[in-house]
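Pasting structure_35.pdb here (PDB, C-alpha atoms):
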ATOM      1  CA  MET A   1      64.825  27.126   8.158  1.00  0.00           C
ATOM      2  CA  PRO A   2      61.902  29.432   9.107  1.00  0.00           C
ATOM      3  CA  THR A   3      58.894  27.754  10.712  1.00  0.00           C
ATOM      4  CA  THR A   4      56.525  29.352   8.183  1.00  0.00           C
ATOM      5  CA  LEU A   5      56.906  30.045   4.483  1.00  0.00           C
ATOM      6  CA  PRO A   6      57.514  33.620   3.276  1.00  0.00           C
ATOM      7  CA  SER A   7      54.410  35.249   1.792  1.00  0.00           C
ATOM      8  CA  GLY A   8      55.972  35.305  -1.672  1.00  0.00           C
ATOM      9  CA  TYR A   9      56.968  31.658  -1.724  1.00  0.00           C
ATOM     10  CA  ASP A  10      54.333  30.359  -4.136  1.00  0.00           C
ATOM     11  CA  THR A  11      55.019  33.102  -6.687  1.00  0.00           C
ATOM     12  CA  THR A  12      58.775  32.630  -6.374  1.00  0.00           C
ATOM     13  CA  ARG A  13      58.479  28.860  -6.742  1.00  0.00           C
ATOM     14  CA  THR A  14      56.394  29.257  -9.900  1.00  0.00           C
ATOM     15  CA  SER A  15      58.920  31.673 -11.402  1.00  0.00           C
ATOM     16  CA  LEU A  16      61.912  29.498 -10.536  1.00  0.00           C
ATOM     17  CA  HIS A  17      60.125  26.435 -11.907  1.00  0.00           C
ATOM     18  CA  ARG A  18      59.859  28.205 -15.275  1.00  0.00           C
ATOM     19  CA  VAL A  19      63.554  29.078 -15.102  1.00  0.00           C
ATOM     20  CA  ALA A  20      64.418  25.470 -14.219  1.00  0.00           C
ATOM     21  CA  VAL A  21      62.527  24.109 -17.219  1.00  0.00           C
ATOM     22  CA  HIS A  22      62.899  26.756 -19.896  1.00  0.00           C
ATOM     23  CA  VAL A  23      66.431  27.981 -19.186  1.00  0.00           C
ATOM     24  CA  LEU A  24      68.429  25.300 -17.367  1.00  0.00           C
ATOM     25  CA  ALA A  25      66.802  22.083 -18.606  1.00  0.00           C
ATOM     26  CA  ARG A  26      66.234  23.558 -22.068  1.00  0.00           C
ATOM     27  CA  ARG A  27      69.911  24.481 -22.449  1.00  0.00           C
ATOM     28  CA  ARG A  28      71.170  21.083 -21.284  1.00  0.00           C
ATOM     29  CA  PHE A  29      68.676  19.308 -23.535  1.00  0.00           C
ATOM     30  CA  ALA A  30      69.737  21.321 -26.595  1.00  0.00           C
ATOM     31  CA  VAL A  31      73.337  20.189 -26.116  1.00  0.00           C
ATOM     32  CA  THR A  32      72.958  16.641 -24.750  1.00  0.00           C
ATOM     33  CA  GLY A  33      69.363  15.455 -25.191  1.00  0.00           C
ATOM     34  CA  ARG A  34      69.055  15.193 -21.378  1.00  0.00           C
ATOM     35  CA  PHE A  35      67.233  17.553 -19.039  1.00  0.00           C
ATOM     36  CA  GLY A  36      67.657  16.280 -15.469  1.00  0.00           C
ATOM     37  CA  LEU A  37      68.930  18.786 -12.897  1.00  0.00           C
ATOM     38  CA  ARG A  38      70.822  18.499  -9.615  1.00  0.00           C
ATOM     39  CA  VAL A  39      70.943  20.163  -6.205  1.00  0.00           C
ATOM     40  CA  THR A  40      73.789  22.686  -6.348  1.00  0.00           C
ATOM     41  CA  PRO A  41      75.227  25.208  -3.852  1.00  0.00           C
ATOM     42  CA  GLY A  42      72.492  27.653  -2.935  1.00  0.00           C
ATOM     43  CA  GLY A  43      69.865  26.113  -5.186  1.00  0.00           C
ATOM     44  CA  PHE A  44      69.703  23.884  -8.249  1.00  0.00           C
ATOM     45  CA  GLY A  45      71.355  23.527 -11.627  1.00  0.00           C
ATOM     46  CA  THR A  46      72.638  21.305 -14.388  1.00  0.00           C
ATOM     47  CA  PRO A  47      75.513  18.884 -14.040  1.00  0.00           C
ATOM     48  CA  ALA A  48      78.475  19.873 -16.192  1.00  0.00           C
ATOM     49  CA  PHE A  49      77.667  19.181 -19.836  1.00  0.00           C
ATOM     50  CA  GLY A  50      79.185  19.579 -23.290  1.00  0.00           C
ATOM     51  CA  ASP A  51      82.480  18.372 -24.714  1.00  0.00           C
ATOM     52  CA  PRO A  52      85.617  18.867 -22.614  1.00  0.00           C
ATOM     53  CA  ASP A  53      86.716  21.993 -24.504  1.00  0.00           C
ATOM     54  CA  HIS A  54      83.276  23.645 -24.262  1.00  0.00           C
ATOM     55  CA  GLU A  55      81.944  22.359 -20.960  1.00  0.00           C
ATOM     56  CA  GLU A  56      79.403  24.444 -19.103  1.00  0.00           C
ATOM     57  CA  THR A  57      77.157  24.528 -16.048  1.00  0.00           C
ATOM     58  CA  LEU A  58      74.015  26.576 -15.490  1.00  0.00           C
ATOM     59  CA  ARG A  59      72.702  27.000 -11.973  1.00  0.00           C
ATOM     60  CA  VAL A  60      70.474  29.119  -9.783  1.00  0.00           C
ATOM     61  CA  ALA A  61      72.198  30.263  -6.580  1.00  0.00           C
ATOM     62  CA  GLY A  62      69.676  32.015  -4.362  1.00  0.00           C
ATOM     63  CA  SER A  63      68.102  34.480  -6.778  1.00  0.00           C
ATOM     64  CA  VAL A  64      70.988  34.698  -9.256  1.00  0.00           C
ATOM     65  CA  LEU A  65      71.496  32.740 -12.489  1.00  0.00           C
ATOM     66  CA  VAL A  66      75.110  31.577 -12.858  1.00  0.00           C
ATOM     67  CA  ARG A  67      76.690  30.381 -16.104  1.00  0.00           C
ATOM     68  CA  GLU A  68      80.106  28.723 -15.860  1.00  0.00           C
ATOM     69  CA  ARG A  69      81.893  27.853 -19.102  1.00  0.00           C
ATOM     70  CA  ARG A  70      85.128  26.347 -20.293  1.00  0.00           C
ATOM     71  CA  THR A  71      86.399  27.439 -23.695  1.00  0.00           C
ATOM     72  CA  PRO A  72      89.740  27.036 -25.474  1.00  0.00           C
ATOM     73  CA  ASP A  73      90.549  30.518 -24.103  1.00  0.00           C
ATOM     74  CA  GLY A  74      89.992  29.535 -20.468  1.00  0.00           C
ATOM     75  CA  THR A  75      87.160  29.410 -17.938  1.00  0.00           C
ATOM     76  CA  HIS A  76      84.483  32.069 -17.532  1.00  0.00           C
ATOM     77  CA  THR A  77      81.760  32.740 -14.961  1.00  0.00           C
ATOM     78  CA  ASP A  78      78.878  35.133 -15.654  1.00  0.00           C
ATOM     79  CA  VAL A  79      75.964  36.001 -13.378  1.00  0.00           C
ATOM     80  CA  HIS A  80      72.523  37.503 -13.982  1.00  0.00           C
ATOM     81  CA  PRO A  81      70.050  38.571 -11.245  1.00  0.00           C
ATOM     82  CA  ILE A  82      66.678  36.856 -11.641  1.00  0.00           C
ATOM     83  CA  PRO A  83      64.276  39.200  -9.757  1.00  0.00           C
ATOM     84  CA  GLY A  84      62.793  41.626 -12.260  1.00  0.00           C
ATOM     85  CA  ALA A  85      64.426  39.925 -15.245  1.00  0.00           C
ATOM     86  CA  SER A  86      62.346  38.410 -18.028  1.00  0.00           C
ATOM     87  CA  LEU A  87      62.522  34.800 -19.171  1.00  0.00           C
ATOM     88  CA  ALA A  88      63.614  36.131 -22.558  1.00  0.00           C
ATOM     89  CA  ALA A  89      66.561  37.987 -21.013  1.00  0.00           C
ATOM     90  CA  LEU A  90      67.657  34.928 -19.039  1.00  0.00           C
ATOM     91  CA  ALA A  91      67.366  32.795 -22.159  1.00  0.00           C
ATOM     92  CA  ILE A  92      69.669  35.140 -24.090  1.00  0.00           C
ATOM     93  CA  PHE A  93      72.135  35.077 -21.185  1.00  0.00           C
ATOM     94  CA  ALA A  94      72.112  31.245 -21.182  1.00  0.00           C
ATOM     95  CA  GLY A  95      72.175  30.769 -24.950  1.00  0.00           C
ATOM     96  CA  VAL A  96      68.671  29.317 -25.054  1.00  0.00           C
ATOM     97  CA  ASP A  97      66.126  29.429 -27.898  1.00  0.00           C
ATOM     98  CA  LEU A  98      62.671  29.655 -26.307  1.00  0.00           C
ATOM     99  CA  SER A  99      60.955  29.110 -29.662  1.00  0.00           C
ATOM    100  CA  GLU A 100      62.180  25.514 -29.892  1.00  0.00           C
ATOM    101  CA  PRO A 101      59.622  22.900 -28.767  1.00  0.00           C
ATOM    102  CA  LEU A 102      60.420  21.271 -25.419  1.00  0.00           C
ATOM    103  CA  THR A 103      58.660  18.759 -23.235  1.00  0.00           C
ATOM    104  CA  VAL A 104      60.015  17.368 -19.976  1.00  0.00           C
ATOM    105  CA  GLY A 105      56.826  15.380 -19.292  1.00  0.00           C
ATOM    106  CA  THR A 106      53.070  15.685 -19.533  1.00  0.00           C
ATOM    107  CA  ASP A 107      53.017  18.437 -16.869  1.00  0.00           C
ATOM    108  CA  THR A 108      55.684  20.624 -18.478  1.00  0.00           C
ATOM    109  CA  PRO A 109      54.914  24.232 -17.454  1.00  0.00           C
ATOM    110  CA  GLU A 110      54.124  26.626 -20.283  1.00  0.00           C
ATOM    111  CA  VAL A 111      56.774  29.075 -21.418  1.00  0.00           C
ATOM    112  CA  GLY A 112      54.253  31.845 -20.702  1.00  0.00           C
ATOM    113  CA  ASP A 113      54.881  35.532 -21.217  1.00  0.00           C
ATOM    114  CA  VAL A 114      58.595  35.689 -21.930  1.00  0.00           C
ATOM    115  CA  VAL A 115      58.910  39.467 -21.527  1.00  0.00           C
ATOM    116  CA  GLU A 116      57.154  39.890 -18.184  1.00  0.00           C
ATOM    117  CA  SER A 117      59.324  40.445 -15.117  1.00  0.00           C
ATOM    118  CA  LEU A 118      59.869  37.349 -12.999  1.00  0.00           C
ATOM    119  CA  ALA A 119      58.646  37.734  -9.418  1.00  0.00           C
ATOM    120  CA  VAL A 120      61.330  36.200  -7.198  1.00  0.00           C
ATOM    121  CA  ASP A 121      62.113  37.302  -3.652  1.00  0.00           C
ATOM    122  CA  HIS A 122      65.326  36.493  -1.823  1.00  0.00           C
ATOM    123  CA  ALA A 123      63.705  35.015   1.301  1.00  0.00           C
ATOM    124  CA  SER A 124      61.600  32.583  -0.713  1.00  0.00           C
ATOM    125  CA  SER A 125      64.433  31.514  -3.002  1.00  0.00           C
ATOM    126  CA  ALA A 126      66.561  30.856   0.100  1.00  0.00           C
ATOM    127  CA  VAL A 127      63.830  28.638   1.565  1.00  0.00           C
ATOM    128  CA  LEU A 128      63.541  26.689  -1.684  1.00  0.00           C
ATOM    129  CA  ALA A 129      67.316  26.190  -1.834  1.00  0.00           C
ATOM    130  CA  THR A 130      67.413  25.029   1.788  1.00  0.00           C
ATOM    131  CA  TRP A 131      64.564  22.608   1.149  1.00  0.00           C
ATOM    132  CA  PHE A 132      66.355  20.936  -1.743  1.00  0.00           C
ATOM    133  CA  ASP A 133      69.610  20.871   0.238  1.00  0.00           C
ATOM    134  CA  HIS A 134      67.940  19.231   3.240  1.00  0.00           C
ATOM    135  CA  GLY A 135      66.252  16.708   0.953  1.00  0.00           C
ATOM    136  CA  ALA A 136      69.546  15.823  -0.724  1.00  0.00           C
ATOM    137  CA  ARG A 137      71.368  15.422   2.582  1.00  0.00           C
ATOM    138  CA  ALA A 138      68.573  13.248   3.947  1.00  0.00           C
ATOM    139  CA  LEU A 139      68.613  11.029   0.858  1.00  0.00           C
ATOM    140  CA  ASP A 140      72.376  10.574   1.163  1.00  0.00           C
ATOM    141  CA  ARG A 141      71.996   9.464   4.782  1.00  0.00           C
ATOM    142  CA  VAL A 142      69.228   7.008   3.922  1.00  0.00           C
ATOM    143  CA  LEU A 143      71.237   5.541   1.057  1.00  0.00           C
ATOM    144  CA  THR A 144      74.231   5.138   3.376  1.00  0.00           C
ATOM    145  CA  ASP A 145      72.042   3.302   5.884  1.00  0.00           C
ATOM    146  CA  LEU A 146      70.442   1.028   3.261  1.00  0.00           C
ATOM    147  CA  GLY A 147      73.637   0.212   1.389  1.00  0.00           C
ATOM    148  CA  PRO A 148      74.032  -0.938  -2.224  1.00  0.00           C
ATOM    149  CA  VAL A 149      71.324  -3.610  -1.856  1.00  0.00           C
ATOM    150  CA  ALA A 150      68.789  -0.803  -2.374  1.00  0.00           C
ATOM    151  CA  THR A 151      70.140  -0.265  -5.931  1.00  0.00           C
ATOM    152  CA  PRO A 152      69.214   3.438  -5.983  1.00  0.00           C
ATOM    153  CA  THR A 153      69.072   5.569  -9.087  1.00  0.00           C
ATOM    154  CA  VAL A 154      70.875   8.914  -9.294  1.00  0.00           C
ATOM    155  CA  ALA A 155      69.127  11.676  -7.338  1.00  0.00           C
ATOM    156  CA  GLN A 156      67.851  14.289  -9.763  1.00  0.00           C
ATOM    157  CA  ILE A 157      65.593  17.318  -9.757  1.00  0.00           C
ATOM    158  CA  TRP A 158      62.975  16.457 -12.346  1.00  0.00           C
ATOM    159  CA  PRO A 159      62.033  19.690 -14.143  1.00  0.00           C
ATOM    160  CA  GLU A 160      58.482  18.589 -14.894  1.00  0.00           C
ATOM    161  CA  HIS A 161      57.364  18.616 -11.253  1.00  0.00           C
ATOM    162  CA  PHE A 162      60.317  20.540  -9.769  1.00  0.00           C
ATOM    163  CA  ASP A 163      61.118  17.812  -7.263  1.00  0.00           C
ATOM    164  CA  LEU A 164      64.253  15.985  -6.163  1.00  0.00           C
ATOM    165  CA  GLY A 165      63.790  12.244  -6.351  1.00  0.00           C
ATOM    166  CA  ILE A 166      65.383   8.819  -6.442  1.00  0.00           C
ATOM    167  CA  ASP A 167      64.049   5.330  -6.999  1.00  0.00           C
ATOM    168  CA  LEU A 168      65.188   2.391  -4.875  1.00  0.00           C
ATOM    169  CA  ASP A 169      64.326  -1.100  -3.648  1.00  0.00           C
ATOM    170  CA  ALA A 170      62.473  -1.252  -0.337  1.00  0.00           C
ATOM    171  CA  GLY A 171      62.427  -4.992   0.157  1.00  0.00           C
ATOM    172  CA  ALA A 172      60.347  -6.427  -2.665  1.00  0.00           C
ATOM    173  CA  ILE A 173      58.790  -3.079  -3.559  1.00  0.00           C
ATOM    174  CA  ARG A 174      60.418  -0.392  -5.662  1.00  0.00           C
ATOM    175  CA  THR A 175      59.678   3.096  -4.321  1.00  0.00           C
ATOM    176  CA  ASN A 176      60.388   6.756  -4.948  1.00  0.00           C
ATOM    177  CA  LEU A 177      61.788   8.998  -2.223  1.00  0.00           C
ATOM    178  CA  GLY A 178      62.055  12.705  -2.724  1.00  0.00           C
ATOM    179  CA  ALA A 179      61.559  16.345  -1.849  1.00  0.00           C
ATOM    180  CA  SER A 180      59.093  18.507  -3.769  1.00  0.00           C
ATOM    181  CA  ALA A 181      59.252  22.295  -3.858  1.00  0.00           C
ATOM    182  CA  GLY A 182      55.436  22.271  -3.869  1.00  0.00           C
ATOM    183  CA  ASP A 183      52.887  21.745  -6.612  1.00  0.00           C
ATOM    184  CA  GLY A 184      49.191  21.663  -7.446  1.00  0.00           C
ATOM    185  CA  TYR A 185      48.582  18.957  -4.871  1.00  0.00           C
ATOM    186  CA  SER A 186      50.378  20.724  -2.017  1.00  0.00           C
ATOM    187  CA  PRO A 187      51.405  24.388  -2.322  1.00  0.00           C
ATOM    188  CA  GLU A 188      53.913  23.980   0.510  1.00  0.00           C
ATOM    189  CA  PRO A 189      57.105  21.955   0.017  1.00  0.00           C
ATOM    190  CA  TYR A 190      56.964  18.343   1.133  1.00  0.00           C
ATOM    191  CA  VAL A 191      58.993  15.146   1.231  1.00  0.00           C
ATOM    192  CA  TYR A 192      57.424  11.947   0.025  1.00  0.00           C
ATOM    193  CA  VAL A 193      57.509   8.162  -0.160  1.00  0.00           C
ATOM    194  CA  GLY A 194      55.892   6.967  -3.375  1.00  0.00           C
ATOM    195  CA  PRO A 195      55.646   3.185  -3.851  1.00  0.00           C
ATOM    196  CA  ARG A 196      55.689   2.026  -7.460  1.00  0.00           C
ATOM    197  CA  THR A 197      52.885  -0.434  -6.691  1.00  0.00           C
ATOM    198  CA  ALA A 198      49.499  -0.177  -4.974  1.00  0.00           C
ATOM    199  CA  ASP A 199      50.910  -1.752  -1.788  1.00  0.00           C
ATOM    200  CA  ARG A 200      50.397   0.322   1.382  1.00  0.00           C
ATOM    201  CA  PRO A 201      51.406  -2.068   4.184  1.00  0.00           C
ATOM    202  CA  GLY A 202      50.826  -1.352   7.892  1.00  0.00           C
ATOM    203  CA  GLU A 203      50.017   1.968   9.608  1.00  0.00           C
ATOM    204  CA  ALA A 204      47.262   3.182   7.305  1.00  0.00           C
ATOM    205  CA  ALA A 205      47.576   6.696   8.729  1.00  0.00           C
ATOM    206  CA  PHE A 206      51.091   6.975   7.309  1.00  0.00           C
ATOM    207  CA  TRP A 207      49.829   6.655   3.735  1.00  0.00           C
ATOM    208  CA  ASN A 208      48.179  10.058   3.585  1.00  0.00           C
ATOM    209  CA  ALA A 209      48.486  10.922  -0.121  1.00  0.00           C
ATOM    210  CA  PRO A 210      47.194   9.363  -3.357  1.00  0.00           C
ATOM    211  CA  PHE A 211      50.774   8.589  -4.415  1.00  0.00           C
ATOM    212  CA  GLY A 212      51.871   7.235  -1.018  1.00  0.00           C
ATOM    213  CA  ALA A 213      52.879   9.429   1.919  1.00  0.00           C
ATOM    214  CA  LEU A 214      54.053  12.978   2.429  1.00  0.00           C
ATOM    215  CA  LEU A 215      55.437  15.101   5.245  1.00  0.00           C
ATOM    216  CA  GLY A 216      54.842  18.807   4.744  1.00  0.00           C
ATOM    217  CA  TYR A 217      57.122  21.769   5.258  1.00  0.00           C
ATOM    218  CA  GLY A 218      55.445  22.857   8.485  1.00  0.00           C
ATOM    219  CA  ALA A 219      55.903  19.477  10.132  1.00  0.00           C
ATOM    220  CA  VAL A 220      59.547  19.297   9.086  1.00  0.00           C
ATOM    221  CA  ALA A 221      60.298  22.880  10.185  1.00  0.00           C
ATOM    222  CA  ALA A 222      58.822  22.155  13.627  1.00  0.00           C
ATOM    223  CA  THR A 223      61.349  19.397  14.340  1.00  0.00           C
ATOM    224  CA  THR A 224      64.530  19.993  16.324  1.00  0.00           C
ATOM    225  CA  ASP A 225      66.636  18.877  13.368  1.00  0.00           C
ATOM    226  CA  PRO A 226      64.828  19.071  10.007  1.00  0.00           C
ATOM    227  CA  ILE A 227      67.214  16.685   8.261  1.00  0.00           C
ATOM    228  CA  ASP A 228      66.785  14.109  11.042  1.00  0.00           C
ATOM    229  CA  GLY A 229      63.014  14.526  10.656  1.00  0.00           C
ATOM    230  CA  ILE A 230      63.166  13.845   6.926  1.00  0.00           C
ATOM    231  CA  VAL A 231      65.497  10.862   7.384  1.00  0.00           C
ATOM    232  CA  GLY A 232      63.121   9.395   9.964  1.00  0.00           C
ATOM    233  CA  PHE A 233      60.163   9.845   7.621  1.00  0.00           C
ATOM    234  CA  PHE A 234      61.978   8.149   4.736  1.00  0.00           C
ATOM    235  CA  HIS A 235      63.085   5.230   6.920  1.00  0.00           C
ATOM    236  CA  ARG A 236      59.571   4.787   8.269  1.00  0.00           C
ATOM    237  CA  GLY A 237      58.165   4.482   4.768  1.00  0.00           C
ATOM    238  CA  VAL A 238      60.909   2.163   3.560  1.00  0.00           C
ATOM    239  CA  GLY A 239      60.537   0.036   6.684  1.00  0.00           C
ATOM    240  CA  LEU A 240      56.783  -0.341   6.184  1.00  0.00           C
ATOM    241  CA  LEU A 241      57.266  -1.341   2.551  1.00  0.00           C
ATOM    242  CA  ALA A 242      60.026  -3.803   3.446  1.00  0.00           C
ATOM    243  CA  SER A 243      57.769  -5.477   6.000  1.00  0.00           C
TER     244      SER A 243
END

Starting from the file, give its structure as structure tokens.
Amino acid sequence: MPTTLPSGYDTTRTSLHRVAVHVLARRRFAVTGRFGLRVTPGGFGTPAFGDPDHEETLRVAGSVLVRERRTPDGTHTDVHPIPGASLAALAIFAGVDLSEPLTVGTDTPEVGDVVESLAVDHASSAVLATWFDHGARALDRVLTDLGPVATPTVAQIWPEHFDLGIDLDAGAIRTNLGASAGDGYSPEPYVYVGPRTADRPGEAAFWNAPFGALLGYGAVAATTDPIDGIVGFFHRGVGLLAS
């Protein structure tokens, strides 16, 4: 991963966040009533949804929207470039009705101008995909280390805040661990430990955010092995809470 973010990262993240909510999550919600997303190859997407004869997956791979479908006639894969496309065009491609009301939480991003061209650059979308991939791999390693006693939830990308997160037991305290693509609090991506209580035991300097602790993109990118760096950060937070 590059040591600094591409200049177009913030704009790309904002555009892809709109796609995540108003194309991917919206389509899954229309069919199933659920809107959680997953880390997928080269980016993020839905899990497979729909009945067995009409199952589909929507995902963003780099800067391309991919729709995979099963029908009684067989399986089909269609792709649509995102850079320069409008949200309206992507919605038509995905079978989405943008006029239907949708909320994925109190901070659901607005649909916005559906005919304007989406500003997405390849370098920035690659960084975002790598960030989610590293976060997912780090979470898997932490869950392996902690074992079933941690009773973790399923790791999901929550469309509201565009972050990958799980919830688990850290001793007597339930906590969130995750990887955010960036938001109003921190424009750069970050990983976080977010206790579900007000407890902030030991090492006051570790708890550097209102919601708990974060480690920013720059600090992670400067490590020899970014995934090791994230795993170490997660274990440090869990260890403090367990103490």

*Neighbour list for Arg137 in chain A as a list in words, cut-off 9 Å, only C-alpha atoms, skip fewer than 4 positions in-chain*: Phe132, Asp133, Arg141, Val142, Ile227 and Val231 of chain A

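Relative to CA of Thr14 in chain A, CA of Pro109 in chain A is found at 9.2 Å.
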
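You can rank A:Val154, A:Val114, A:Val104, A:Ala129 by their closest distance to Pro41 in chain A using only C-alpha atoms, and at the top of that list sits A:Ala129.
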
*Could you state which residues are captured by the PyMOL selection byres ((chain A and resi 12) around 9) in this file, as a PyMOL selection string?*
chain A and resi 8-11+13-17+118-122+124-125+128

*May I have the protein, DNA and RNA residues with any atom at most 6 Å from the point (55.9, 7.4, -0.4), counting all atoms listed in the file, written as an NGL selection string?*
:A and (192-195 or 212-213)

*Residues picked by the PyMOL selection byres ((chain A and resi 49) around 10) here, as a PyMOL selection string?*
chain A and resi 27-29+31-32+34+46-48+50-52+54-58+69

_Suppose a student applies the PyMOL selection byres ((chain A and resi 111) around 8) to this structure; what residues should they get, written as a PyMOL selection string?_
chain A and resi 18+22+98+109-110+112-114

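For the pair CA of Ala136 in chain A and CA of Gly84 in chain A, the interatomic distance is 29.1 Å.
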
_Can you tell me which residues surround Ala181 in chain A at a distance of at most 7 Å, considering all atoms listed in the file, apart from same-chain residues fewer than 3 positions away, and format the answer as number ranges by chain?_
A: 128, 162-163, 189-190

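Shortest atom-to-atom contact with Gly218 in chain A among A:Leu5, A:Ala170, A:Ala85, A:Val21: A:Leu5, counting only C-alpha atoms.
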
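As for CA of Ser243 in chain A and CA of Pro201 in chain A, they are spaced 7.4 Å apart.
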
*Rank A:Ala20, A:Ile230, A:Gly237, A:Ile82 by their smallest atom-to-atom distance to Asn208 in chain A, using all atoms listed in the file, and report the top residue only.*
A:Gly237

Can you tell me, as AutoDock Vina command-line options, the centre and edge lengths (Å, one decimal) of the axis-aligned box enclosing all of range 40-45 of chain A's listed atoms after padding each side by 4 Å?
--center_x 72.5 --center_y 25.2 --center_z -7.3 --size_x 13.5 --size_y 13.0 --size_z 16.7

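If only C-alpha atoms are the atoms counted, then among A:Pro72, A:Pro2, A:Gly135, A:Pro159 the closest residue to Val23 in chain A is A:Pro159.
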
*Just the residues within 6 Å of Asp169 in chain A, please, counting only C-alpha atoms, with nothing from its chain fewer than 4 positions along; format it as a ChimeraX atom specification.*
/A:150,173-174

Written file, previous selection with C-alpha atoms, as an mmCIF file, keeping the file's coordinate frame:
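Output (part.cif):
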data_model
loop_
_atom_site.group_PDB
_atom_site.id
_atom_site.type_symbol
_atom_site.label_atom_id
_atom_site.label_comp_id
_atom_site.auth_asym_id
_atom_site.auth_seq_id
_atom_site.Cartn_x
_atom_site.Cartn_y
_atom_site.Cartn_z
ATOM 1 C CA ALA A 150 68.789 -0.803 -2.374
ATOM 2 C CA ILE A 173 58.790 -3.079 -3.559
ATOM 3 C CA ARG A 174 60.418 -0.392 -5.662
#

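With all atoms listed in the file taken into account, the protein and nucleic acid residues at most 9 Å from Trp158 in chain A (excluding it and anything under 5 positions from it in its own chain) are Phe35, Gly36, Leu37, Arg38, Val104, Asp163, Leu164 and Gly165 of chain A.
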
*Measuring atom to atom with all atoms listed in the file, identify which of A:Leu87, A:Leu102, A:Ala179, A:Ile157 is nearest to Phe44 in chain A.*
A:Ile157

*asked:* Considering all atoms listed in the file, can you say which of A:Thr130, A:Thr151, A:Gln156, A:Thr108 comes closest to Gly171 in chain A?
replied: A:Thr151

*Pick out the residues sitting within 8 Å of Thr153 in chain A, and hand them over as a list in words; count only C-alpha atoms, and ignore anything fewer than 3 positions along from it in its own chain.*
Ile166, Asp167 and Leu168 of chain A

Since fewer atoms than expected are present, regenerate N, CA and C atoms for range 27-42 of chain A and write them as a PDB file, keeping the file's coordinate frame.
ATOM      1  N   ARG A  27      68.537  24.362 -21.966  1.00  0.00           N
ATOM      2  CA  ARG A  27      69.911  24.481 -22.449  1.00  0.00           C
ATOM      3  C   ARG A  27      70.625  23.136 -22.433  1.00  0.00           C
ATOM      4  N   ARG A  28      70.509  22.387 -21.340  1.00  0.00           N
ATOM      5  CA  ARG A  28      71.170  21.083 -21.284  1.00  0.00           C
ATOM      6  C   ARG A  28      70.618  20.155 -22.355  1.00  0.00           C
ATOM      7  N   PHE A  29      69.295  20.194 -22.557  1.00  0.00           N
ATOM      8  CA  PHE A  29      68.676  19.308 -23.535  1.00  0.00           C
ATOM      9  C   PHE A  29      69.149  19.637 -24.950  1.00  0.00           C
ATOM     10  N   ALA A  30      69.304  20.925 -25.259  1.00  0.00           N
ATOM     11  CA  ALA A  30      69.737  21.321 -26.595  1.00  0.00           C
ATOM     12  C   ALA A  30      71.123  20.778 -26.923  1.00  0.00           C
ATOM     13  N   VAL A  31      71.961  20.641 -25.902  1.00  0.00           N
ATOM     14  CA  VAL A  31      73.337  20.189 -26.116  1.00  0.00           C
ATOM     15  C   VAL A  31      73.464  18.676 -26.002  1.00  0.00           C
ATOM     16  N   THR A  32      72.724  18.063 -25.073  1.00  0.00           N
ATOM     17  CA  THR A  32      72.958  16.641 -24.750  1.00  0.00           C
ATOM     18  C   THR A  32      71.763  15.728 -24.981  1.00  0.00           C
ATOM     19  N   GLY A  33      70.555  16.290 -25.114  1.00  0.00           N
ATOM     20  CA  GLY A  33      69.363  15.455 -25.191  1.00  0.00           C
ATOM     21  C   GLY A  33      68.874  14.999 -23.830  1.00  0.00           C
ATOM     22  N   ARG A  34      69.464  15.521 -22.753  1.00  0.00           N
ATOM     23  CA  ARG A  34      69.055  15.193 -21.378  1.00  0.00           C
ATOM     24  C   ARG A  34      68.639  16.471 -20.668  1.00  0.00           C
ATOM     25  N   PHE A  35      67.711  16.336 -19.699  1.00  0.00           N
ATOM     26  CA  PHE A  35      67.233  17.553 -19.039  1.00  0.00           C
ATOM     27  C   PHE A  35      67.198  17.475 -17.520  1.00  0.00           C
ATOM     28  N   GLY A  36      67.659  16.393 -16.928  1.00  0.00           N
ATOM     29  CA  GLY A  36      67.657  16.280 -15.469  1.00  0.00           C
ATOM     30  C   GLY A  36      68.562  17.307 -14.818  1.00  0.00           C
ATOM     31  N   LEU A  37      68.168  17.783 -13.636  1.00  0.00           N
ATOM     32  CA  LEU A  37      68.930  18.786 -12.897  1.00  0.00           C
ATOM     33  C   LEU A  37      69.434  18.200 -11.582  1.00  0.00           C
ATOM     34  N   ARG A  38      70.233  18.952 -10.865  1.00  0.00           N
ATOM     35  CA  ARG A  38      70.822  18.499  -9.615  1.00  0.00           C
ATOM     36  C   ARG A  38      70.677  19.589  -8.549  1.00  0.00           C
ATOM     37  N   VAL A  39      70.809  19.196  -7.290  1.00  0.00           N
ATOM     38  CA  VAL A  39      70.943  20.163  -6.205  1.00  0.00           C
ATOM     39  C   VAL A  39      72.358  20.712  -6.278  1.00  0.00           C
ATOM     40  N   THR A  40      72.484  22.028  -6.260  1.00  0.00           N
ATOM     41  CA  THR A  40      73.789  22.686  -6.348  1.00  0.00           C
ATOM     42  C   THR A  40      73.891  23.711  -5.219  1.00  0.00           C
ATOM     43  N   PRO A  41      75.083  24.254  -4.964  1.00  0.00           N
ATOM     44  CA  PRO A  41      75.227  25.208  -3.852  1.00  0.00           C
ATOM     45  C   PRO A  41      74.259  26.383  -3.965  1.00  0.00           C
ATOM     46  N   GLY A  42      73.424  26.547  -2.961  1.00  0.00           N
ATOM     47  CA  GLY A  42      72.492  27.653  -2.935  1.00  0.00           C
ATOM     48  C   GLY A  42      71.281  27.486  -3.813  1.00  0.00           C
TER      49      GLY A  42
END
